[in-house]
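Pasting work.tsv here (TSV, C-alpha atoms):
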```tsv
chain	number	residue	atom	x	y	z
A	1	MET	CA	-62.14	-95.07	-176.74
A	2	LYS	CA	-58.39	-94.88	-176.87
A	3	LYS	CA	-56.21	-97.97	-177.13
A	4	SER	CA	-53.07	-98.08	-174.97
A	5	PHE	CA	-49.80	-98.93	-176.73
A	6	GLY	CA	-47.54	-98.79	-173.65
A	7	ALA	CA	-44.20	-97.00	-173.32
A	8	LYS	CA	-43.15	-96.50	-176.93
A	9	THR	CA	-41.50	-93.93	-179.19
A	10	LEU	CA	-44.74	-93.54	-181.05
A	11	ILE	CA	-45.66	-90.02	-182.15
A	12	TYR	CA	-46.62	-88.33	-185.42
A	13	PRO	CA	-45.04	-86.63	-187.26
A	14	ALA	CA	-41.32	-87.45	-186.97
A	15	PRO	CA	-38.80	-85.82	-189.32
A	16	VAL	CA	-36.43	-87.48	-191.77
A	17	TRP	CA	-33.04	-85.80	-191.77
A	18	CYS	CA	-29.56	-86.88	-192.84
A	19	VAL	CA	-26.66	-86.23	-190.46
A	20	GLY	CA	-23.38	-85.49	-192.25
A	21	THR	CA	-20.03	-86.01	-190.49
A	22	PHE	CA	-16.38	-86.68	-191.26
A	23	ASP	CA	-14.60	-89.71	-189.83
A	24	ALA	CA	-11.00	-89.82	-188.57
A	25	GLN	CA	-9.74	-90.27	-192.14
A	26	ASP	CA	-11.86	-87.31	-193.34
A	27	LYS	CA	-14.19	-89.64	-195.20
A	28	PRO	CA	-17.64	-88.05	-195.45
A	29	ASN	CA	-20.48	-90.06	-193.95
A	30	VAL	CA	-24.20	-89.56	-193.81
A	31	MET	CA	-26.85	-91.23	-191.65
A	32	THR	CA	-30.62	-90.89	-191.65
A	33	ILE	CA	-32.32	-90.05	-188.37
A	34	ALA	CA	-35.83	-89.38	-187.12
A	35	TRP	CA	-34.97	-88.69	-183.47
A	36	GLY	CA	-34.47	-84.92	-183.42
A	37	GLY	CA	-36.08	-81.50	-183.43
A	38	ILE	CA	-35.56	-77.79	-182.88
A	39	CYS	CA	-34.85	-77.14	-179.19
A	40	CYS	CA	-34.07	-73.43	-178.82
A	41	SER	CA	-34.74	-70.20	-180.73
A	42	THR	CA	-31.86	-68.12	-179.31
A	43	PRO	CA	-29.29	-69.41	-179.97
A	44	PRO	CA	-30.98	-71.42	-182.72
A	45	CYS	CA	-30.39	-75.08	-181.88
A	46	VAL	CA	-31.49	-78.49	-183.12
A	47	THR	CA	-31.08	-81.89	-181.49
A	48	VAL	CA	-30.10	-85.25	-182.88
A	49	SER	CA	-30.03	-88.46	-180.84
A	50	LEU	CA	-27.68	-91.29	-181.72
A	51	ARG	CA	-26.84	-94.72	-180.40
A	52	GLU	CA	-23.20	-95.14	-179.38
A	53	ALA	CA	-22.96	-98.08	-181.79
A	54	THR	CA	-23.36	-95.84	-184.83
A	55	TYR	CA	-20.42	-94.63	-186.87
A	56	THR	CA	-21.84	-91.11	-186.78
A	57	TYR	CA	-21.72	-91.10	-182.96
A	58	GLY	CA	-17.93	-91.51	-182.96
A	59	ASN	CA	-17.51	-88.92	-185.71
A	60	LEU	CA	-19.66	-86.45	-183.85
A	61	MET	CA	-17.87	-86.95	-180.54
A	62	ALA	CA	-14.52	-86.40	-182.25
A	63	ARG	CA	-15.36	-83.49	-184.56
A	64	LYS	CA	-18.14	-81.78	-182.58
A	65	ALA	CA	-19.85	-80.71	-185.80
A	66	TYR	CA	-22.55	-82.01	-188.12
A	67	THR	CA	-24.84	-80.99	-190.91
A	68	LEU	CA	-28.50	-81.83	-191.24
A	69	SER	CA	-29.47	-82.25	-194.87
A	70	VAL	CA	-33.23	-82.21	-195.41
A	71	PRO	CA	-33.94	-84.69	-198.21
A	72	THR	CA	-36.63	-84.28	-200.78
A	73	GLU	CA	-39.00	-87.16	-201.52
A	74	LYS	CA	-37.36	-87.90	-204.87
A	75	TYR	CA	-34.48	-89.42	-202.91
A	76	VAL	CA	-36.52	-91.49	-200.46
A	77	LYS	CA	-34.76	-94.75	-201.43
A	78	GLU	CA	-31.29	-93.26	-200.93
A	79	VAL	CA	-32.45	-91.79	-197.62
A	80	ASP	CA	-33.70	-95.18	-196.46
A	81	TYR	CA	-30.40	-96.75	-197.50
A	82	PHE	CA	-28.53	-94.11	-195.44
A	83	GLY	CA	-30.43	-95.39	-192.40
A	84	ILE	CA	-29.86	-99.10	-193.04
A	85	VAL	CA	-26.12	-99.30	-193.73
A	86	SER	CA	-23.21	-98.20	-191.48
A	87	GLY	CA	-20.52	-95.85	-192.75
A	88	ARG	CA	-18.11	-98.16	-190.96
A	89	ASN	CA	-18.66	-100.68	-193.74
A	90	GLU	CA	-19.56	-98.64	-196.80
A	91	ASN	CA	-18.95	-95.24	-198.37
A	92	LYS	CA	-22.58	-94.21	-198.66
A	93	PHE	CA	-21.88	-91.23	-200.91
A	94	GLU	CA	-19.97	-93.37	-203.41
A	95	LYS	CA	-22.63	-96.08	-203.35
A	96	THR	CA	-25.51	-93.70	-204.09
A	97	GLY	CA	-23.69	-91.27	-206.35
A	98	LEU	CA	-24.77	-88.36	-204.16
A	99	THR	CA	-22.23	-85.59	-203.64
A	100	PRO	CA	-20.59	-84.65	-200.33
A	101	VAL	CA	-19.79	-80.94	-200.00
A	102	LYS	CA	-17.46	-79.80	-197.24
A	103	SER	CA	-19.06	-77.00	-195.24
A	104	GLU	CA	-17.08	-73.77	-195.25
A	105	ILE	CA	-18.09	-72.90	-191.70
A	106	ILE	CA	-18.08	-76.18	-189.77
A	107	ASP	CA	-16.09	-79.39	-189.88
A	108	ALA	CA	-18.67	-81.60	-191.62
A	109	PRO	CA	-20.04	-82.42	-195.09
A	110	TYR	CA	-23.57	-82.05	-196.45
A	111	VAL	CA	-25.48	-83.66	-199.32
A	112	LYS	CA	-25.37	-81.33	-202.33
A	113	GLU	CA	-28.50	-82.75	-203.98
A	114	PHE	CA	-30.70	-82.17	-200.92
A	115	PRO	CA	-32.53	-78.82	-200.93
A	116	MET	CA	-32.15	-77.63	-197.33
A	117	ILE	CA	-28.97	-77.75	-195.23
A	118	LEU	CA	-28.28	-76.84	-191.60
A	119	GLU	CA	-24.68	-76.45	-190.41
A	120	CYS	CA	-24.32	-77.13	-186.70
A	121	LYS	CA	-21.67	-77.22	-184.00
A	122	VAL	CA	-22.23	-79.38	-180.93
A	123	ILE	CA	-22.64	-77.26	-177.79
A	124	HIS	CA	-23.92	-79.95	-175.41
A	125	HIS	CA	-24.44	-83.69	-175.26
A	126	TYR	CA	-26.20	-85.87	-172.74
A	127	LYS	CA	-26.53	-89.65	-172.50
A	128	ILE	CA	-30.19	-90.44	-171.86
A	129	GLY	CA	-30.20	-94.22	-172.21
A	130	LEU	CA	-29.73	-96.16	-175.42
A	131	HIS	CA	-29.41	-92.81	-177.19
A	132	THR	CA	-27.13	-89.86	-176.55
A	133	HIS	CA	-28.67	-86.50	-177.20
A	134	PHE	CA	-26.62	-83.87	-179.05
A	135	ILE	CA	-27.58	-80.21	-179.07
A	136	GLY	CA	-26.22	-78.44	-182.12
A	137	GLU	CA	-26.14	-74.68	-182.55
A	138	ILE	CA	-27.34	-73.82	-186.08
A	139	LEU	CA	-24.73	-71.52	-187.64
A	140	ASP	CA	-26.32	-71.31	-191.07
A	141	VAL	CA	-29.25	-72.63	-193.09
A	142	LYS	CA	-28.85	-72.97	-196.85
A	143	VAL	CA	-31.71	-73.62	-199.28
A	144	ASP	CA	-31.72	-74.25	-203.04
A	145	GLU	CA	-32.59	-71.02	-204.81
A	146	GLY	CA	-35.09	-72.84	-207.00
A	147	MET	CA	-37.10	-73.85	-203.93
A	148	LEU	CA	-38.04	-70.44	-202.57
A	149	ASP	CA	-41.52	-68.93	-202.61
A	150	ASP	CA	-42.58	-65.49	-203.85
A	151	THR	CA	-41.39	-63.90	-200.60
A	152	GLY	CA	-37.93	-65.45	-200.90
A	153	ASN	CA	-38.56	-67.97	-198.13
A	154	PRO	CA	-38.15	-71.75	-198.38
A	155	ASP	CA	-41.24	-73.32	-199.95
A	156	ILE	CA	-42.16	-76.57	-198.20
A	157	GLU	CA	-44.30	-77.64	-201.18
A	158	ALA	CA	-41.25	-77.36	-203.45
A	159	ILE	CA	-38.78	-78.86	-200.97
A	160	LYS	CA	-41.08	-81.83	-200.32
A	161	PRO	CA	-39.54	-83.05	-197.05
A	162	ILE	CA	-40.21	-86.60	-195.88
A	163	ILE	CA	-42.31	-87.49	-192.83
A	164	PHE	CA	-41.61	-90.63	-190.77
A	165	SER	CA	-44.11	-92.68	-188.80
A	166	PRO	CA	-42.32	-94.41	-185.92
A	167	ALA	CA	-43.42	-97.96	-185.01
A	168	VAL	CA	-45.16	-98.55	-188.35
A	169	GLN	CA	-41.98	-97.34	-190.11
A	170	ARG	CA	-43.48	-95.64	-193.12
A	171	TYR	CA	-42.55	-92.53	-195.08
A	172	HIS	CA	-45.06	-89.94	-196.26
A	173	GLY	CA	-44.82	-86.73	-198.22
A	174	ILE	CA	-46.09	-83.30	-197.30
A	175	GLY	CA	-49.80	-82.65	-197.74
A	176	PRO	CA	-52.12	-79.71	-198.40
A	177	PHE	CA	-51.78	-76.23	-196.91
A	178	LEU	CA	-54.04	-75.95	-193.86
A	179	GLY	CA	-53.58	-72.37	-192.69
A	180	LYS	CA	-51.24	-69.64	-191.49
A	181	ALA	CA	-49.83	-70.09	-187.99
A	182	PHE	CA	-50.30	-67.39	-185.34
A	183	SER	CA	-53.16	-66.21	-187.52
A	184	ILE	CA	-56.06	-68.63	-188.07
A	185	GLY	CA	-56.43	-69.09	-184.30
A	186	LYS	CA	-56.95	-65.36	-183.86
A	187	GLN	CA	-60.22	-65.64	-185.77
A	188	LEU	CA	-61.40	-68.14	-183.18
A	189	HIS	CA	-60.08	-66.06	-180.32
A	190	THR	CA	-61.94	-62.90	-181.27
A	191	SER	CA	-65.13	-64.84	-182.02
A	192	PHE	CA	-65.41	-66.25	-178.50
B	1	MET	CA	-26.96	-72.63	-205.93
B	2	LYS	CA	-28.03	-72.50	-202.34
B	3	LYS	CA	-29.11	-69.28	-200.65
B	4	SER	CA	-27.85	-68.64	-197.13
B	5	PHE	CA	-30.45	-67.71	-194.51
B	6	GLY	CA	-28.06	-67.31	-191.57
B	7	ALA	CA	-28.44	-68.73	-188.06
B	8	LYS	CA	-32.14	-69.56	-187.87
B	9	THR	CA	-34.52	-72.21	-186.56
B	10	LEU	CA	-35.45	-73.09	-190.10
B	11	ILE	CA	-35.95	-76.78	-190.86
B	12	TYR	CA	-38.71	-78.92	-192.38
B	13	PRO	CA	-40.74	-80.67	-191.13
B	14	ALA	CA	-41.48	-79.50	-187.58
B	15	PRO	CA	-44.24	-81.16	-185.55
B	16	VAL	CA	-47.36	-79.58	-184.06
B	17	TRP	CA	-48.08	-80.95	-180.60
B	18	CYS	CA	-50.11	-79.69	-177.66
B	19	VAL	CA	-48.52	-79.81	-174.19
B	20	GLY	CA	-51.02	-80.44	-171.40
B	21	THR	CA	-50.24	-79.45	-167.80
B	22	PHE	CA	-51.98	-78.54	-164.54
B	23	ASP	CA	-51.34	-75.23	-162.83
B	24	ALA	CA	-51.05	-74.65	-159.06
B	25	GLN	CA	-54.87	-74.50	-158.78
B	26	ASP	CA	-55.21	-77.76	-160.77
B	27	LYS	CA	-56.61	-75.85	-163.75
B	28	PRO	CA	-55.82	-77.78	-166.95
B	29	ASN	CA	-53.81	-75.88	-169.54
B	30	VAL	CA	-52.67	-76.68	-173.05
B	31	MET	CA	-50.06	-75.01	-175.23
B	32	THR	CA	-49.05	-75.69	-178.83
B	33	ILE	CA	-45.38	-76.29	-179.55
B	34	ALA	CA	-43.21	-77.12	-182.54
B	35	TRP	CA	-39.86	-77.32	-180.73
B	36	GLY	CA	-39.62	-80.99	-179.81
B	37	GLY	CA	-38.90	-84.51	-180.98
B	38	ILE	CA	-38.19	-88.08	-179.92
B	39	CYS	CA	-34.76	-88.23	-178.24
B	40	CYS	CA	-34.27	-91.81	-176.98
B	41	SER	CA	-35.65	-95.27	-177.73
B	42	THR	CA	-34.85	-96.91	-174.37
B	43	PRO	CA	-36.26	-95.48	-172.20
B	44	PRO	CA	-38.64	-93.96	-174.74
B	45	CYS	CA	-38.32	-90.19	-174.38
B	46	VAL	CA	-39.53	-87.06	-176.12
B	47	THR	CA	-38.35	-83.47	-175.72
B	48	VAL	CA	-40.25	-80.22	-175.51
B	49	SER	CA	-38.59	-76.80	-175.30
B	50	LEU	CA	-40.29	-73.89	-173.58
B	51	ARG	CA	-39.55	-70.26	-172.84
B	52	GLU	CA	-39.54	-69.42	-169.14
B	53	ALA	CA	-42.18	-66.76	-169.83
B	54	THR	CA	-44.80	-69.37	-170.73
B	55	TYR	CA	-47.43	-70.53	-168.25
B	56	THR	CA	-46.65	-74.13	-169.19
B	57	TYR	CA	-43.01	-73.71	-168.13
B	58	GLY	CA	-44.03	-72.96	-164.54
B	59	ASN	CA	-46.55	-75.79	-164.51
B	60	LEU	CA	-43.99	-78.22	-165.84
B	61	MET	CA	-41.32	-77.20	-163.36
B	62	ALA	CA	-43.78	-77.63	-160.49
B	63	ARG	CA	-45.53	-80.85	-161.54
B	64	LYS	CA	-42.74	-82.56	-163.55
B	65	ALA	CA	-45.30	-84.13	-165.86
B	66	TYR	CA	-46.95	-83.35	-169.18
B	67	THR	CA	-48.96	-84.88	-171.95
B	68	LEU	CA	-48.40	-84.42	-175.65
B	69	SER	CA	-51.69	-84.50	-177.53
B	70	VAL	CA	-51.24	-84.94	-181.29
B	71	PRO	CA	-53.95	-82.87	-182.93
B	72	THR	CA	-55.70	-83.81	-186.12
B	73	GLU	CA	-56.06	-81.24	-188.91
B	74	LYS	CA	-59.78	-80.74	-188.24
B	75	TYR	CA	-58.76	-78.77	-185.15
B	76	VAL	CA	-56.05	-76.61	-186.75
B	77	LYS	CA	-57.74	-73.35	-185.67
B	78	GLU	CA	-58.02	-74.46	-182.03
B	79	VAL	CA	-54.40	-75.63	-182.16
B	80	ASP	CA	-53.25	-72.26	-183.47
B	81	TYR	CA	-55.26	-70.53	-180.72
B	82	PHE	CA	-53.53	-72.74	-178.12
B	83	GLY	CA	-50.23	-71.29	-179.34
B	84	ILE	CA	-51.32	-67.65	-179.37
B	85	VAL	CA	-52.97	-67.19	-175.96
B	86	SER	CA	-51.46	-67.76	-172.49
B	87	GLY	CA	-53.17	-70.00	-169.94
B	88	ARG	CA	-52.27	-67.31	-167.44
B	89	ASN	CA	-55.03	-65.17	-168.95
B	90	GLU	CA	-57.56	-67.62	-170.34
B	91	ASN	CA	-58.94	-71.10	-169.75
B	92	LYS	CA	-58.19	-72.49	-173.20
B	93	PHE	CA	-60.26	-75.64	-172.74
B	94	GLU	CA	-63.34	-73.65	-171.78
B	95	LYS	CA	-62.85	-71.18	-174.62
B	96	THR	CA	-62.60	-73.87	-177.31
B	97	GLY	CA	-65.04	-76.38	-175.84
B	98	LEU	CA	-62.39	-79.10	-176.01
B	99	THR	CA	-62.29	-81.55	-173.12
B	100	PRO	CA	-59.45	-81.97	-170.61
B	101	VAL	CA	-59.01	-85.53	-169.33
B	102	LYS	CA	-56.84	-86.13	-166.29
B	103	SER	CA	-54.26	-88.81	-167.00
B	104	GLU	CA	-54.50	-91.84	-164.72
B	105	ILE	CA	-50.74	-92.39	-164.71
B	106	ILE	CA	-49.18	-88.92	-164.62
B	107	ASP	CA	-50.08	-85.58	-163.09
B	108	ALA	CA	-51.29	-83.82	-166.27
B	109	PRO	CA	-54.33	-83.53	-168.53
B	110	TYR	CA	-54.72	-84.36	-172.21
B	111	VAL	CA	-57.13	-83.27	-174.95
B	112	LYS	CA	-59.85	-85.91	-175.32
B	113	GLU	CA	-60.76	-84.96	-178.90
B	114	PHE	CA	-57.18	-85.39	-180.20
B	115	PRO	CA	-56.43	-88.85	-181.59
B	116	MET	CA	-52.94	-89.60	-180.19
B	117	ILE	CA	-51.76	-88.95	-176.62
B	118	LEU	CA	-48.35	-89.37	-174.96
B	119	GLU	CA	-48.11	-89.30	-171.16
B	120	CYS	CA	-44.69	-88.18	-169.97
B	121	LYS	CA	-42.79	-87.54	-166.76
B	122	VAL	CA	-39.88	-85.11	-166.79
B	123	ILE	CA	-36.57	-86.88	-166.16
B	124	HIS	CA	-34.19	-84.06	-167.11
B	125	HIS	CA	-34.23	-80.38	-168.00
B	126	TYR	CA	-31.55	-78.09	-169.33
B	127	LYS	CA	-31.59	-74.35	-170.01
B	128	ILE	CA	-30.09	-73.83	-173.47
B	129	GLY	CA	-30.75	-70.12	-174.00
B	130	LEU	CA	-34.13	-68.54	-174.55
B	131	HIS	CA	-35.61	-72.02	-174.30
B	132	THR	CA	-35.33	-74.67	-171.62
B	133	HIS	CA	-35.27	-78.18	-172.87
B	134	PHE	CA	-37.34	-80.83	-171.06
B	135	ILE	CA	-36.80	-84.54	-171.57
B	136	GLY	CA	-39.91	-86.53	-170.81
B	137	GLU	CA	-40.03	-90.28	-170.41
B	138	ILE	CA	-43.02	-91.64	-172.34
B	139	LEU	CA	-45.00	-93.88	-169.97
B	140	ASP	CA	-47.87	-94.62	-172.31
B	141	VAL	CA	-49.17	-93.80	-175.78
B	142	LYS	CA	-52.93	-93.85	-176.37
B	143	VAL	CA	-54.59	-93.74	-179.79
B	144	ASP	CA	-58.25	-93.55	-180.80
B	145	GLU	CA	-59.46	-97.02	-181.71
B	146	GLY	CA	-61.07	-95.68	-184.87
B	147	MET	CA	-57.70	-94.52	-186.15
B	148	LEU	CA	-55.83	-97.83	-186.33
B	149	ASP	CA	-54.85	-99.63	-189.52
B	150	ASP	CA	-55.49	-103.27	-190.45
B	151	THR	CA	-52.52	-104.37	-188.33
B	152	GLY	CA	-53.82	-102.56	-185.23
B	153	ASN	CA	-51.21	-99.80	-185.46
B	154	PRO	CA	-51.90	-96.05	-185.55
B	155	ASP	CA	-52.74	-94.96	-189.10
B	156	ILE	CA	-51.12	-91.62	-189.91
B	157	GLU	CA	-53.52	-91.10	-192.83
B	158	ALA	CA	-56.47	-91.36	-190.42
B	159	ILE	CA	-54.85	-89.37	-187.60
B	160	LYS	CA	-53.90	-86.55	-190.01
B	161	PRO	CA	-51.25	-84.85	-187.85
B	162	ILE	CA	-50.26	-81.26	-188.60
B	163	ILE	CA	-46.86	-80.21	-189.98
B	164	PHE	CA	-45.35	-76.80	-189.14
B	165	SER	CA	-42.98	-74.76	-191.30
B	166	PRO	CA	-40.82	-72.56	-189.08
B	167	ALA	CA	-39.99	-69.05	-190.31
B	168	VAL	CA	-42.82	-69.00	-192.87
B	169	GLN	CA	-45.21	-70.13	-190.10
B	170	ARG	CA	-47.57	-72.29	-192.10
B	171	TYR	CA	-49.43	-75.50	-191.35
B	172	HIS	CA	-49.68	-78.41	-193.76
B	173	GLY	CA	-51.34	-81.80	-193.64
B	174	ILE	CA	-49.83	-85.21	-194.25
B	175	GLY	CA	-49.23	-86.22	-197.85
B	176	PRO	CA	-49.01	-89.41	-199.90
B	177	PHE	CA	-47.37	-92.65	-198.81
B	178	LEU	CA	-43.82	-92.79	-200.19
B	179	GLY	CA	-42.51	-96.15	-199.04
B	180	LYS	CA	-41.72	-98.52	-196.20
B	181	ALA	CA	-38.75	-97.54	-194.02
B	182	PHE	CA	-35.85	-99.96	-193.50
B	183	SER	CA	-37.09	-101.63	-196.65
B	184	ILE	CA	-37.10	-99.55	-199.86
B	185	GLY	CA	-33.42	-98.68	-199.35
B	186	LYS	CA	-32.53	-102.38	-199.30
B	187	GLN	CA	-33.56	-102.60	-202.96
B	188	LEU	CA	-30.99	-99.93	-203.75
B	189	HIS	CA	-28.40	-101.54	-201.53
B	190	THR	CA	-28.54	-104.93	-203.21
B	191	SER	CA	-28.59	-103.40	-206.68
B	192	PHE	CA	-25.26	-101.62	-206.23
```
Can you turn what I pasted into structure tokens?
Amino acid sequence: MKKSFGAKTLIYPAPVWCVGTFDAQDKPNVMTIAWGGICCSTPPCVTVSLREATYTYGNLMARKAYTLSVPTEKYVKEVDYFGIVSGRNENKFEKTGLTPVKSEIIDAPYVKEFPMILECKVIHHYKIGLHTHFIGEILDVKVDEGMLDDTGNPDIEAIKPIIFSPAVQRYHGIGPFLGKAFSIGKQLHTSF
Amino acid sequence: MKKSFGAKTLIYPAPVWCVGTFDAQDKPNVMTIAWGGICCSTPPCVTVSLREATYTYGNLMARKAYTLSVPTEKYVKEVDYFGIVSGRNENKFEKTGLTPVKSEIIDAPYVKEFPMILECKVIHHYKIGLHTHFIGEILDVKVDEGMLDDTGNPDIEAIKPIIFSPAVQRYHGIGPFLGKAFSIGKQLHTSF
């Protein structure tokens, strides 16, 4: 039997990403989000959804650019802090000692210590309800050279991204390798 | 140093969800996606992005409803198969032996064996490029009663959702508990 939870933002897994923006005084800010995901392959795009009340919302509307820094689990406390406090009241980079780096291709900063960075320009936004939905075109992805696998691709087991559970509000790490996509299902397919 | 990968849909983690729809003959279909995410808290909404070439795209445009079934890792081969084959050519439920259940509140089927189900009606769609972006309002979330924690909430360690790595195309399971969100960052905050 399945238990009904009603109309809720309850789905597993949700990502944990940090949105980097500049404010009107060019102060770098960073905010943790879980409401987002890839939304198009060509052009490559990723969404983030923000409440109008957030400092990042105003920055994003003004500058039309943001980074997504993918944190590694070592920094889970800093990441949680980035989601609790507003950049309107505190300089979150100064408080945590993490380093803002100005992107060379878009008008936004990223978190140097985080292993995977996406640099995005806003190409569309849409107010859904409490949240406004921003579609960002991904102009570049940068990954720490020490976190690549034998084939030169980003290694998720080295990067150790953080997983969020909405509603219960818990963070988890990445688990064991389960199989190769677009591959293990073929075995099933041909065996039918 | 960070290595540049260019403009790519490369970000960790991405989800693995199965989109359930009916076709024009009321045949249930299911397709695996990784391009999606929560996009609004009120009303609760989740996005999925689809290429026009997919069978699910046509179903979704016609019926304006879909389910998201969150698979558990036990079914990773079936899930991969759901992403390889088109419902235009095969009845994926029959081929895998998994069970379609018609939702009682929206015009779409879900996968009975999967532990977490979202029932969604399309409230907006937007063609970005190769993919069209659908925003679905979540009308209900259903979770297997055997997969709840002591507080009655869905237990991610029991549900065992699947994580996708774009570009390298690999599946992983969920890893260790790292901390409580909106909580562990407060410790840092007060210690500054």
- What gap, in Å, lies between atom CA of Val48 of chain B and atom CA of Gly37 of chain A?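 Calculated distance between atom CA of Val48 of chain B and atom CA of Gly37 of chain A is 9.0 Å.
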- Go through A:Ser165, A:Thr56, A:Gln25, A:Ser69 and flag the residue nearest Thr9 of chain A, using all atoms listed in the file for the distances.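 Among A:Ser165, A:Thr56, A:Gln25, A:Ser69, it is A:Ser165 that comes nearest to Thr9 of chain A.
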- Message: Which residues are close to segment 13-17 of chain B, i.e. within 6 Å by all atoms listed in the file, leaving aside same-chain residues fewer than 2 positions away? Reply as number ranges by chain.
- Response: A: 13, 15; B: 32-34, 69-70, 162-164
Selected residues, C-alpha atoms, written as a compact mmCIF listing (two decimals), in the coordinates of the input, please.
```txt
# COMPACT_ATOMS: atom_id res chain seq x y z
CA PRO A 13 -45.04 -86.63 -187.26
CA PRO A 15 -38.80 -85.82 -189.32
CA THR B 32 -49.05 -75.69 -178.83
CA ILE B 33 -45.38 -76.29 -179.55
CA ALA B 34 -43.21 -77.12 -182.54
CA SER B 69 -51.69 -84.50 -177.53
CA VAL B 70 -51.24 -84.94 -181.29
CA ILE B 162 -50.26 -81.26 -188.60
CA ILE B 163 -46.86 -80.21 -189.98
CA PHE B 164 -45.35 -76.80 -189.14
```
- Query: Suppose you want the space between atom CA of Ile174 of chain B and atom CA of Asp155 of chain B; what is it in Å?
  - Reply: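 Between these atoms lies a distance of 11.4 Å.
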- Message: Which residue is closest to chain A? Choose from B:Tyr66, B:Phe22, B:Phe114, B:Phe182 and count all atoms listed in the file.
- Response: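 Residue with the minimum atom-to-atom distance to chain A: B:Phe182.
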- Item | Distance criterion (all atoms listed in the file): nearest to Val76 of chain B out of A:His125, A:Lys186, A:Lys142, A:Lys95 |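 Looking only at the distances to Val76 of chain B, the closest residue turns out to be A:Lys186.
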- Task: Have a look at atom CA of Ala62 of chain B and atom CA of Ile106 of chain B and let me know their distance in Å, one decimal.
- Result: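 One can read the atom CA of Ala62 of chain B to atom CA of Ile106 of chain B distance as 13.2 Å.
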